[in-house]
Number of protein chains: 2
Amino acid sequence: MSAILVVGSVGYDTISTPTGLRKNILGGSANYFSLAASLYAPVQVVGVVGQDYRAEDKQVLEARGVDLRGLQQVPGKTFAWEGKYEKDMNEAITLSTHLNVFENFQPTLPLDYRSTEVVFLANIDPVLQLQVLEQVKSPRLVGADTMNYWIRSKRPALLKVLERIDVLLINETELRDLTGSWNTIRAAKEVLQMGPKAVVIKRGEYGFILFCESRYFILPAYPVEDVVDPTGAGDTFAGGFLGHLAQLNRAWRRDDLKQACVHGCLLASFTVQDFGLEGIRNVQNAQLQDRIRAYGQIIA
Amino acid sequence: MSAILVVGSVGYDTISTPTGLRKNILGGSANYFSLAASLYAPVQVVGVVGQDYRAEDKQVLEARGVDLRGLQQVPGKTFAWEGKYEKDMNEAITLSTHLNVFENFQPTLPLDYRSTEVVFLANIDPVLQLQVLEQVKSPRLVGADTMNYWIRSKRPALLKVLERIDVLLINETELRDLTGSWNTIRAAKEVLQMGPKAVVIKRGEYGFILFCESRYFILPAYPVEDVVDPTGAGDTFAGGFLGHLAQLNRAWRRDDLKQACVHGCLLASFTVQDFGLEGIRNVQNAQLQDRIRAYGQIIA
């Protein structure tokens, strides 16, 4: 299997949902991604934390064998996000974002990370995503995420990223912002004209769309009765998706991407069942396999 | 095959969407339902129109062999609805509703309609839905739809309807209003405690959920790049759903409901591709079969 390099945020979240409130819990795209992807392949993290970052929070990833040598610890405070969900759990309302040490972050890859074959550029400034791409040699598969803020404020850099990646993973509101189209089906086609060879549209409780080689693959999400906290579901999806592809250890084919979407979607269904990383951090492969079987019954 | 009796609205719609405006075009739940269901089985319509109802508008249904003896024509104006869709085509914004002759409507079934085996109670006052149920003898399958207005204003009558039907077909906002739950998966279970043996949740561009015999069946919608007018998609779904079940001509099983959902979902994908009834009125079985095959490729 190939290793996976992820660059993304590592931080502390304060999250309010209809079922409760959690303050300063571990979060960030790189953490969700790594916990999911580490079920499949070795994961290397590139990111930054402040001096307030707790040793036990590193331990959450280290317990899953995640390589944190690329996680810089610098003076200052760790990235922090505060958000809430009201009745409609599909939409997070951001209350505050403190970039803190992320503000002056310059990703520098340890030398042996530079030949890693699978790369995920989580939702960070596309200028930083490009800096990571400059440092990796010739990965066989690059996935990326983004968000409305970068689509609006850093469009030229983002378009350069899109020219250099294989798969873009985004949600429907981001897709609309990126393409200007409110029709998800048409917008998927438009993304491929920007460079990626495939696009995965994450639709939350409605599942996903994969568009690749002029064909759609569309499935619903796994039905979850007890959605506690949707934070990190998209990053978990990406972790399962790229994890599955890294494990296959070969040039990807369309059918591989289909299976990868199912893995991503089902791992995300664990994440939403508890606050923060609690839903995903202890998931074992046997549980995932059980859920894949149950899912097969629901869609057939 | 069994015949299908439908009671619902027949009227004129004025519809504005991002792609255009149509004034006073033929619409109403019974019309959409009948055009879809008539692909499978003989359809009988119970409803009311005013003296302004045009002979050529009856002809649209008669051309598909629909029995209109139960469609009363009375003094006054036909039911009229005006609505618009903005960029988000998932949500109709009602600008006006004129009940007109519907205001004093008392459904009276022609004698030979009373032994019809499959019945659909489209979205009308649940008091009228009950009046229809009083007149039919012992149908083997009853489906019903409703809307937020009745859920809020006529809840006791609606609860009586729910005790007497086999399948409730509703959308997600109606489901929330009916159950008070924002979790669609949990809400589906709650509906069955109100009486129906199955519930079909119509999710528009996201497809559907069938919940029956403690199990979920969930699939996405057929991907449509050119959504012109979503009006009537839900009634078309119901027409394909009950049409398929009427054609089977036997006591329904869970697997029949699953196939029926696929038929409803795919017929609805034709309706949204043009204004009003234009998308569905000329669909032939061969086109539906082509789309079912294409759909099979997308979800597998």
# chains A, B, ... in the order shown; residues from 1 in each chain; ligands from 1

call {"tool": "residues_around", "arguments": {"residues": "Gly20 (chain B)", "least_positions_apart": "2", "cutoff": "12 Å", "atoms": "only C-alpha atoms", "output": "ChimeraX atom specification"}}
result
/B:14-18,22-23,84-86,227-229,274-276

call {"tool": "residues_around", "arguments": {"residues": "Pro110 (chain A)", "least_positions_apart": "6", "cutoff": "9 Å", "atoms": "only C-alpha atoms", "output": "list in words"}}
result
Val46, Arg69 and Gly70 of chain A

call {"tool": "interface_residues", "arguments": {"of": "chain A", "to": "chain B", "cutoff": "7 Å", "atoms": "only C-alpha atoms", "output": "list in words"}}
result
Lys87, Asp88, Trp182, Asn183, Ile185, Arg186, Tyr206, Tyr216, Phe217, Ile218, Leu219, Pro220, Pro223, Val224, Glu225, Ile298 and Ile299 of chain A

call {"tool": "residues_around", "arguments": {"residues": "region 265-270 of chain B", "least_positions_apart": "3", "cutoff": "10 Å", "atoms": "only C-alpha atoms", "output": "ChimeraX atom specification"}}
result
/B:32,35-37,202-205,207-208,219-224,227,230-241,259-262,273-274,277-283,287-289,291-292,295

call {"tool": "select_by_dssp", "arguments": {"residues": "region 28-221 of chain A", "states": "strand (DSSP E or B)", "output": "ChimeraX atom specification"}}
result
/A:43-49,67-73,79-84,93-98,118-121,141-144,167-171,198-202,208-212,215-219

call {"tool": "atom_distance", "arguments": {"atom1": "CA of Asn249 (chain A)", "atom2": "CA of Ser2 (chain A)"}}
result
5.7 Å

call {"tool": "residues_around", "arguments": {"residues": "Leu192 (chain B)", "least_positions_apart": "6", "cutoff": "9 Å", "atoms": "only C-alpha atoms", "output": "tab-separated table (two decimals) with C-alpha atoms, in the first residue's frame"}}
result
chain	number	residue	atom	x	y	z
B	162	LEU	CA	-53.37	7.78	8.34
B	198	ALA	CA	-45.19	1.99	4.64
B	199	VAL	CA	-43.98	5.53	4.11
B	211	PHE	CA	-39.54	2.59	5.12
B	212	CYS	CA	-41.52	-0.62	5.48

call {"tool": "select_by_dssp", "arguments": {"residues": "region 86-202 of chain A", "states": "alpha helix (DSSP H)", "output": "ChimeraX atom specification"}}
result
/A:126-135,148-153,155-164,172-179,184-192

call {"tool": "atom_distance", "arguments": {"atom1": "CA of Gly65 (chain B)", "atom2": "CA of Ala3 (chain B)"}}
result
11.6 Å

call {"tool": "closest_residue", "arguments": {"among": "B:Val132, B:Ala80, B:Val74, B:Val60", "to": "Arg164 (chain B)", "atoms": "only C-alpha atoms"}}
result
B:Val132

call {"tool": "atom_distance", "arguments": {"atom1": "CA of Pro42 (chain A)", "atom2": "CA of Pro126 (chain A)"}}
result
24.7 Å

call {"tool": "residues_around", "arguments": {"residues": "Thr94 (chain A)", "least_positions_apart": "6", "cutoff": "8 Å", "atoms": "only C-alpha atoms", "output": "ChimeraX atom specification"}}
result
/A:81-84

call {"tool": "write_last_selection", "arguments": {"atoms": "N, CA and C atoms", "output": "compact mmCIF listing (two decimals), in the first residue's frame"}}
result
# COMPACT_ATOMS: atom_id res chain seq x y z
N TRP A 81 -12.00 26.97 16.12
CA TRP A 81 -13.26 27.23 15.40
C TRP A 81 -14.42 27.05 16.36
N GLU A 82 -15.39 27.95 16.21
CA GLU A 82 -16.60 27.81 17.02
C GLU A 82 -17.79 27.82 16.08
N GLY A 83 -18.67 26.84 16.24
CA GLY A 83 -19.83 26.78 15.35
C GLY A 83 -21.01 26.14 16.03
N LYS A 84 -22.18 26.32 15.38
CA LYS A 84 -23.36 25.65 15.93
C LYS A 84 -24.22 25.08 14.81

call {"tool": "closest_atom_pairs", "arguments": {"of": "region 168-274 of chain B", "to": "region 138-148 of chain B", "cutoff": "12 Å", "atoms": "only C-alpha atoms", "output": "Markdown table"}}
result
| residue | atom | partner | partner_atom | distance |
| --- | --- | --- | --- | --- |
| B:Leu168 | CA | B:Ala144 | CA | 5.1 |
| B:Leu169 | CA | B:Asp145 | CA | 5.1 |
| B:Ile170 | CA | B:Asp145 | CA | 5.7 |
| B:Asn171 | CA | B:Met147 | CA | 8.5 |
| B:Glu172 | CA | B:Asn148 | CA | 10.5 |
| B:Thr173 | CA | B:Asn148 | CA | 7.7 |
| B:Glu174 | CA | B:Asn148 | CA | 5.4 |
| B:Leu175 | CA | B:Asn148 | CA | 8.8 |
| B:Arg176 | CA | B:Asn148 | CA | 9.2 |
| B:Asp177 | CA | B:Asn148 | CA | 6.5 |
| B:Leu178 | CA | B:Asn148 | CA | 7.9 |
| B:Thr179 | CA | B:Asn148 | CA | 11.4 |
| B:Gly180 | CA | B:Asn148 | CA | 11.9 |
| B:Pro196 | CA | B:Gly143 | CA | 9.0 |
| B:Lys197 | CA | B:Gly143 | CA | 10.2 |
| B:Ala198 | CA | B:Gly143 | CA | 9.4 |
| B:Val199 | CA | B:Gly143 | CA | 9.4 |
| B:Val200 | CA | B:Asp145 | CA | 9.8 |
| B:Ile201 | CA | B:Asp145 | CA | 10.4 |
| B:Lys202 | CA | B:Asp145 | CA | 10.6 |
| B:Gly234 | CA | B:Asp145 | CA | 9.1 |
| B:Asp235 | CA | B:Asp145 | CA | 8.6 |
| B:Thr236 | CA | B:Asp145 | CA | 11.9 |
| B:Phe237 | CA | B:Asp145 | CA | 11.0 |
| B:Ala238 | CA | B:Gly143 | CA | 8.2 |
| B:Gly239 | CA | B:Gly143 | CA | 10.1 |
| B:Phe241 | CA | B:Gly143 | CA | 9.4 |
| B:Leu242 | CA | B:Gly143 | CA | 7.6 |
| B:Gly243 | CA | B:Gly143 | CA | 11.1 |
| B:His244 | CA | B:Leu141 | CA | 12.0 |
| B:Leu245 | CA | B:Leu141 | CA | 8.6 |
| B:Ala246 | CA | B:Leu141 | CA | 8.5 |
| B:Leu248 | CA | B:Leu141 | CA | 11.7 |
| B:Asn249 | CA | B:Arg140 | CA | 9.5 |
| B:Arg250 | CA | B:Arg140 | CA | 8.5 |
| B:Ala251 | CA | B:Arg140 | CA | 6.8 |
| B:Trp252 | CA | B:Leu141 | CA | 7.9 |
| B:Arg253 | CA | B:Leu141 | CA | 11.1 |
| B:Leu257 | CA | B:Leu141 | CA | 11.3 |

call {"tool": "write_last_selection", "arguments": {"atoms": "C-alpha atoms", "output": "PDB file, in the first residue's frame"}}
result
ATOM      1  CA  LEU B 168     -48.121   7.670   2.927  1.00  0.00           C
ATOM      2  CA  LEU B 169     -46.120   9.552   0.301  1.00  0.00           C
ATOM      3  CA  ILE B 170     -44.782  12.889   1.543  1.00  0.00           C
ATOM      4  CA  ASN B 171     -41.797  15.180   1.254  1.00  0.00           C
ATOM      5  CA  GLU B 172     -39.269  16.013   3.956  1.00  0.00           C
ATOM      6  CA  THR B 173     -40.735  19.313   5.154  1.00  0.00           C
ATOM      7  CA  GLU B 174     -44.148  17.665   5.493  1.00  0.00           C
ATOM      8  CA  LEU B 175     -42.535  14.777   7.352  1.00  0.00           C
ATOM      9  CA  ARG B 176     -41.000  17.221   9.832  1.00  0.00           C
ATOM     10  CA  ASP B 177     -44.305  18.981  10.388  1.00  0.00           C
ATOM     11  CA  LEU B 178     -46.130  15.695  10.850  1.00  0.00           C
ATOM     12  CA  THR B 179     -43.702  14.122  13.317  1.00  0.00           C
ATOM     13  CA  GLY B 180     -41.894  17.090  14.833  1.00  0.00           C
ATOM     14  CA  PRO B 196     -49.549   3.394   7.513  1.00  0.00           C
ATOM     15  CA  LYS B 197     -47.783   0.136   6.699  1.00  0.00           C
ATOM     16  CA  ALA B 198     -45.190   1.994   4.639  1.00  0.00           C
ATOM     17  CA  VAL B 199     -43.976   5.533   4.108  1.00  0.00           C
ATOM     18  CA  VAL B 200     -42.282   6.937   1.022  1.00  0.00           C
ATOM     19  CA  ILE B 201     -40.329  10.125   1.577  1.00  0.00           C
ATOM     20  CA  LYS B 202     -39.900  12.078  -1.639  1.00  0.00           C
ATOM     21  CA  GLY B 234     -44.313  14.450  -6.354  1.00  0.00           C
ATOM     22  CA  ASP B 235     -47.697  13.618  -7.912  1.00  0.00           C
ATOM     23  CA  THR B 236     -45.949  12.025 -10.878  1.00  0.00           C
ATOM     24  CA  PHE B 237     -43.932   9.923  -8.426  1.00  0.00           C
ATOM     25  CA  ALA B 238     -47.164   8.778  -6.780  1.00  0.00           C
ATOM     26  CA  GLY B 239     -48.641   7.941 -10.196  1.00  0.00           C
ATOM     27  CA  PHE B 241     -45.607   4.191  -7.741  1.00  0.00           C
ATOM     28  CA  LEU B 242     -49.272   3.205  -7.559  1.00  0.00           C
ATOM     29  CA  GLY B 243     -49.413   2.506 -11.294  1.00  0.00           C
ATOM     30  CA  HIS B 244     -46.699  -0.114 -10.962  1.00  0.00           C
ATOM     31  CA  LEU B 245     -48.465  -1.688  -7.974  1.00  0.00           C
ATOM     32  CA  ALA B 246     -51.851  -1.716  -9.737  1.00  0.00           C
ATOM     33  CA  LEU B 248     -48.897  -6.209 -10.512  1.00  0.00           C
ATOM     34  CA  ASN B 249     -52.462  -7.118  -9.537  1.00  0.00           C
ATOM     35  CA  ARG B 250     -51.709  -8.904  -6.277  1.00  0.00           C
ATOM     36  CA  ALA B 251     -51.371  -8.160  -2.577  1.00  0.00           C
ATOM     37  CA  TRP B 252     -48.294  -5.949  -2.343  1.00  0.00           C
ATOM     38  CA  ARG B 253     -45.017  -7.107  -0.852  1.00  0.00           C
ATOM     39  CA  LEU B 257     -42.904  -1.206  -3.121  1.00  0.00           C
TER      40      LEU B 257
END

call {"tool": "closest_residue", "arguments": {"among": "B:Leu133, B:Ala286, B:Ile124, B:Ala41", "to": "Ser29 (chain B)", "atoms": "only C-alpha atoms"}}
result
B:Ile124

call {"tool": "residues_around", "arguments": {"residues": "Gln106 (chain B)", "least_positions_apart": "3", "cutoff": "10 Å", "atoms": "only C-alpha atoms", "output": "JSON, numbers by chain"}}
result
{"B": [47, 48, 72, 102, 103, 109, 127, 128, 131, 132]}

call {"tool": "write_last_selection", "arguments": {"atoms": "C-alpha atoms", "output": "JSON list (two decimals), in the first residue's frame"}}
result
[["chain", "number", "residue", "atom", "x", "y", "z"],
["B", 47, "GLY", "CA", -62.41, 15.95, -8.81],
["B", 48, "VAL", "CA", -64.08, 19.17, -9.77],
["B", 72, "GLN", "CA", -67.60, 17.10, -11.90],
["B", 102, "PHE", "CA", -62.82, 23.32, -4.88],
["B", 103, "GLU", "CA", -64.14, 25.29, -1.93],
["B", 109, "LEU", "CA", -67.95, 8.49, -6.69],
["B", 127, "VAL", "CA", -61.94, 15.55, 5.48],
["B", 128, "LEU", "CA", -62.51, 15.02, 1.75],
["B", 131, "GLN", "CA", -65.29, 11.03, 2.40],
["B", 132, "VAL", "CA", -63.70, 9.15, -0.48]]

call {"tool": "decode", "arguments": {"residues": "region 30-183 of chain A", "atoms": "C-alpha atoms", "output": "mmCIF file, in the first residue's frame"}}
result
data_model
loop_
_atom_site.group_PDB
_atom_site.id
_atom_site.type_symbol
_atom_site.label_atom_id
_atom_site.label_comp_id
_atom_site.auth_asym_id
_atom_site.auth_seq_id
_atom_site.Cartn_x
_atom_site.Cartn_y
_atom_site.Cartn_z
ATOM 1 C CA ALA A 30 -6.259 16.841 9.186
ATOM 2 C CA ASN A 31 -7.338 15.054 12.368
ATOM 3 C CA TYR A 32 -10.634 13.753 10.942
ATOM 4 C CA PHE A 33 -8.937 12.788 7.689
ATOM 5 C CA SER A 34 -6.063 10.988 9.415
ATOM 6 C CA LEU A 35 -8.222 8.931 11.736
ATOM 7 C CA ALA A 36 -10.260 7.694 8.771
ATOM 8 C CA ALA A 37 -7.360 7.149 6.376
ATOM 9 C CA SER A 38 -5.227 5.370 8.977
ATOM 10 C CA LEU A 39 -7.646 2.429 8.816
ATOM 11 C CA TYR A 40 -6.186 1.744 5.372
ATOM 12 C CA ALA A 41 -2.619 3.030 5.047
ATOM 13 C CA PRO A 42 0.169 4.938 6.837
ATOM 14 C CA VAL A 43 -0.672 8.643 7.148
ATOM 15 C CA GLN A 44 1.713 11.609 7.316
ATOM 16 C CA VAL A 45 0.410 14.926 8.644
ATOM 17 C CA VAL A 46 1.607 18.378 7.599
ATOM 18 C CA GLY A 47 0.236 21.189 9.714
ATOM 19 C CA VAL A 48 0.874 23.538 12.591
ATOM 20 C CA VAL A 49 -0.175 23.797 16.226
ATOM 21 C CA GLY A 50 0.592 26.260 18.992
ATOM 22 C CA GLN A 51 2.216 25.775 22.334
ATOM 23 C CA ASP A 52 -1.158 25.079 23.936
ATOM 24 C CA TYR A 53 -1.482 21.847 21.946
ATOM 25 C CA ARG A 54 -1.731 18.993 24.399
ATOM 26 C CA ALA A 55 0.462 15.900 24.278
ATOM 27 C CA GLU A 56 -2.613 13.680 24.715
ATOM 28 C CA ASP A 57 -4.127 15.223 21.595
ATOM 29 C CA LYS A 58 -1.154 14.098 19.537
ATOM 30 C CA GLN A 59 -1.590 10.716 21.149
ATOM 31 C CA VAL A 60 -5.049 10.340 19.524
ATOM 32 C CA LEU A 61 -3.357 10.141 16.131
ATOM 33 C CA GLU A 62 -0.214 8.372 17.267
ATOM 34 C CA ALA A 63 -2.388 5.570 18.649
ATOM 35 C CA ARG A 64 -3.423 4.951 15.044
ATOM 36 C CA GLY A 65 0.164 5.006 13.815
ATOM 37 C CA VAL A 66 -0.096 8.446 12.232
ATOM 38 C CA ASP A 67 3.258 10.112 11.495
ATOM 39 C CA LEU A 68 3.288 13.616 13.026
ATOM 40 C CA ARG A 69 6.829 14.655 12.137
ATOM 41 C CA GLY A 70 5.345 17.179 9.690
ATOM 42 C CA LEU A 71 3.191 18.778 12.372
ATOM 43 C CA GLN A 72 5.098 21.889 13.427
ATOM 44 C CA GLN A 73 4.662 23.201 16.970
ATOM 45 C CA VAL A 74 5.351 26.947 17.138
ATOM 46 C CA PRO A 75 4.880 29.817 19.606
ATOM 47 C CA GLY A 76 1.296 31.049 19.816
ATOM 48 C CA LYS A 77 -2.167 29.530 20.025
ATOM 49 C CA THR A 78 -3.602 26.634 18.055
ATOM 50 C CA PHE A 79 -6.260 27.177 15.356
ATOM 51 C CA ALA A 80 -9.749 27.417 16.903
ATOM 52 C CA TRP A 81 -13.257 27.226 15.402
ATOM 53 C CA GLU A 82 -16.600 27.812 17.020
ATOM 54 C CA GLY A 83 -19.833 26.780 15.352
ATOM 55 C CA LYS A 84 -23.360 25.655 15.928
ATOM 56 C CA TYR A 85 -26.013 23.510 14.306
ATOM 57 C CA GLU A 86 -29.665 24.261 14.737
ATOM 58 C CA LYS A 87 -32.474 21.873 13.843
ATOM 59 C CA ASP A 88 -31.191 21.525 10.301
ATOM 60 C CA MET A 89 -28.064 19.503 10.932
ATOM 61 C CA ASN A 90 -26.993 19.894 7.298
ATOM 62 C CA GLU A 91 -25.680 23.388 7.843
ATOM 63 C CA ALA A 92 -22.992 24.586 10.259
ATOM 64 C CA ILE A 93 -23.234 28.196 11.382
ATOM 65 C CA THR A 94 -19.746 29.532 12.037
ATOM 66 C CA LEU A 95 -19.596 31.745 15.124
ATOM 67 C CA SER A 96 -15.862 32.441 15.074
ATOM 68 C CA THR A 97 -12.647 31.320 13.412
ATOM 69 C CA HIS A 98 -9.272 32.105 14.982
ATOM 70 C CA LEU A 99 -6.448 31.228 12.590
ATOM 71 C CA ASN A 100 -3.837 31.852 15.297
ATOM 72 C CA VAL A 101 -0.625 29.975 14.378
ATOM 73 C CA PHE A 102 -2.194 29.085 11.015
ATOM 74 C CA GLU A 103 -1.918 32.724 9.983
ATOM 75 C CA ASN A 104 1.814 32.525 9.265
ATOM 76 C CA PHE A 105 1.962 28.839 8.424
ATOM 77 C CA GLN A 106 4.433 27.832 5.717
ATOM 78 C CA PRO A 107 4.154 24.120 5.022
ATOM 79 C CA THR A 108 7.559 22.445 4.956
ATOM 80 C CA LEU A 109 7.606 18.746 4.204
ATOM 81 C CA PRO A 110 10.089 16.439 5.909
ATOM 82 C CA LEU A 111 12.369 15.061 3.172
ATOM 83 C CA ASP A 112 10.924 11.546 3.178
ATOM 84 C CA TYR A 113 7.348 12.913 2.830
ATOM 85 C CA ARG A 114 8.235 14.326 -0.595
ATOM 86 C CA SER A 115 7.992 11.005 -2.383
ATOM 87 C CA THR A 116 4.637 10.041 -0.842
ATOM 88 C CA GLU A 117 2.351 8.737 -3.578
ATOM 89 C CA VAL A 118 -1.077 9.827 -2.362
ATOM 90 C CA VAL A 119 -1.672 13.424 -1.279
ATOM 91 C CA PHE A 120 -4.704 15.160 0.215
ATOM 92 C CA LEU A 121 -4.884 18.940 0.288
ATOM 93 C CA ALA A 122 -7.554 19.578 2.913
ATOM 94 C CA ASN A 123 -9.474 22.835 3.083
ATOM 95 C CA ILE A 124 -6.735 25.464 3.540
ATOM 96 C CA ASP A 125 -5.584 28.531 1.585
ATOM 97 C CA PRO A 126 -4.984 27.385 -2.018
ATOM 98 C CA VAL A 127 -1.668 29.254 -1.950
ATOM 99 C CA LEU A 128 -0.550 26.837 0.762
ATOM 100 C CA GLN A 129 -1.991 23.902 -1.183
ATOM 101 C CA LEU A 130 0.240 24.956 -4.119
ATOM 102 C CA GLN A 131 3.266 25.181 -1.831
ATOM 103 C CA VAL A 132 2.714 21.563 -0.821
ATOM 104 C CA LEU A 133 2.321 20.485 -4.455
ATOM 105 C CA GLU A 134 5.650 22.193 -5.248
ATOM 106 C CA GLN A 135 7.367 20.023 -2.646
ATOM 107 C CA VAL A 136 5.998 16.608 -3.561
ATOM 108 C CA LYS A 137 7.746 14.757 -6.362
ATOM 109 C CA SER A 138 5.257 12.941 -8.555
ATOM 110 C CA PRO A 139 2.323 11.626 -6.570
ATOM 111 C CA ARG A 140 0.122 9.132 -8.383
ATOM 112 C CA LEU A 141 -3.032 10.588 -6.847
ATOM 113 C CA VAL A 142 -3.824 14.045 -5.478
ATOM 114 C CA GLY A 143 -7.174 14.916 -3.898
ATOM 115 C CA ALA A 144 -8.236 18.350 -2.668
ATOM 116 C CA ASP A 145 -11.012 20.084 -0.787
ATOM 117 C CA THR A 146 -11.770 23.787 -0.517
ATOM 118 C CA MET A 147 -14.439 26.115 0.887
ATOM 119 C CA ASN A 148 -16.510 29.145 -0.143
ATOM 120 C CA TYR A 149 -14.114 31.570 1.513
ATOM 121 C CA TRP A 150 -11.208 30.511 -0.750
ATOM 122 C CA ILE A 151 -13.436 30.187 -3.812
ATOM 123 C CA ARG A 152 -14.363 33.841 -3.417
ATOM 124 C CA SER A 153 -11.134 35.361 -2.130
ATOM 125 C CA LYS A 154 -8.382 33.263 -3.749
ATOM 126 C CA ARG A 155 -9.922 32.109 -7.006
ATOM 127 C CA PRO A 156 -6.787 32.420 -9.217
ATOM 128 C CA ALA A 157 -4.699 30.284 -6.838
ATOM 129 C CA LEU A 158 -7.535 27.796 -6.484
ATOM 130 C CA LEU A 159 -7.820 27.445 -10.268
ATOM 131 C CA LYS A 160 -4.103 26.629 -10.372
ATOM 132 C CA VAL A 161 -4.657 23.932 -7.744
ATOM 133 C CA LEU A 162 -7.523 22.469 -9.785
ATOM 134 C CA GLU A 163 -5.245 22.113 -12.816
ATOM 135 C CA ARG A 164 -2.897 19.929 -10.824
ATOM 136 C CA ILE A 165 -5.155 17.547 -8.916
ATOM 137 C CA ASP A 166 -6.894 14.293 -9.783
ATOM 138 C CA VAL A 167 -9.997 14.522 -7.596
ATOM 139 C CA LEU A 168 -11.827 17.488 -6.101
ATOM 140 C CA LEU A 169 -14.032 16.669 -3.106
ATOM 141 C CA ILE A 170 -16.512 19.431 -2.268
ATOM 142 C CA ASN A 171 -20.031 19.974 -1.009
ATOM 143 C CA GLU A 172 -22.979 21.383 -2.934
ATOM 144 C CA THR A 173 -22.779 24.997 -1.764
ATOM 145 C CA GLU A 174 -19.085 25.092 -2.624
ATOM 146 C CA LEU A 175 -19.874 23.556 -6.006
ATOM 147 C CA ARG A 176 -22.390 26.334 -6.705
ATOM 148 C CA ASP A 177 -19.896 29.016 -5.724
ATOM 149 C CA LEU A 178 -17.176 27.470 -7.834
ATOM 150 C CA THR A 179 -19.226 27.009 -11.010
ATOM 151 C CA GLY A 180 -22.056 29.509 -10.638
ATOM 152 C CA SER A 181 -24.503 26.724 -11.477
ATOM 153 C CA TRP A 182 -27.353 25.709 -9.168
ATOM 154 C CA ASN A 183 -27.799 22.434 -11.002
#
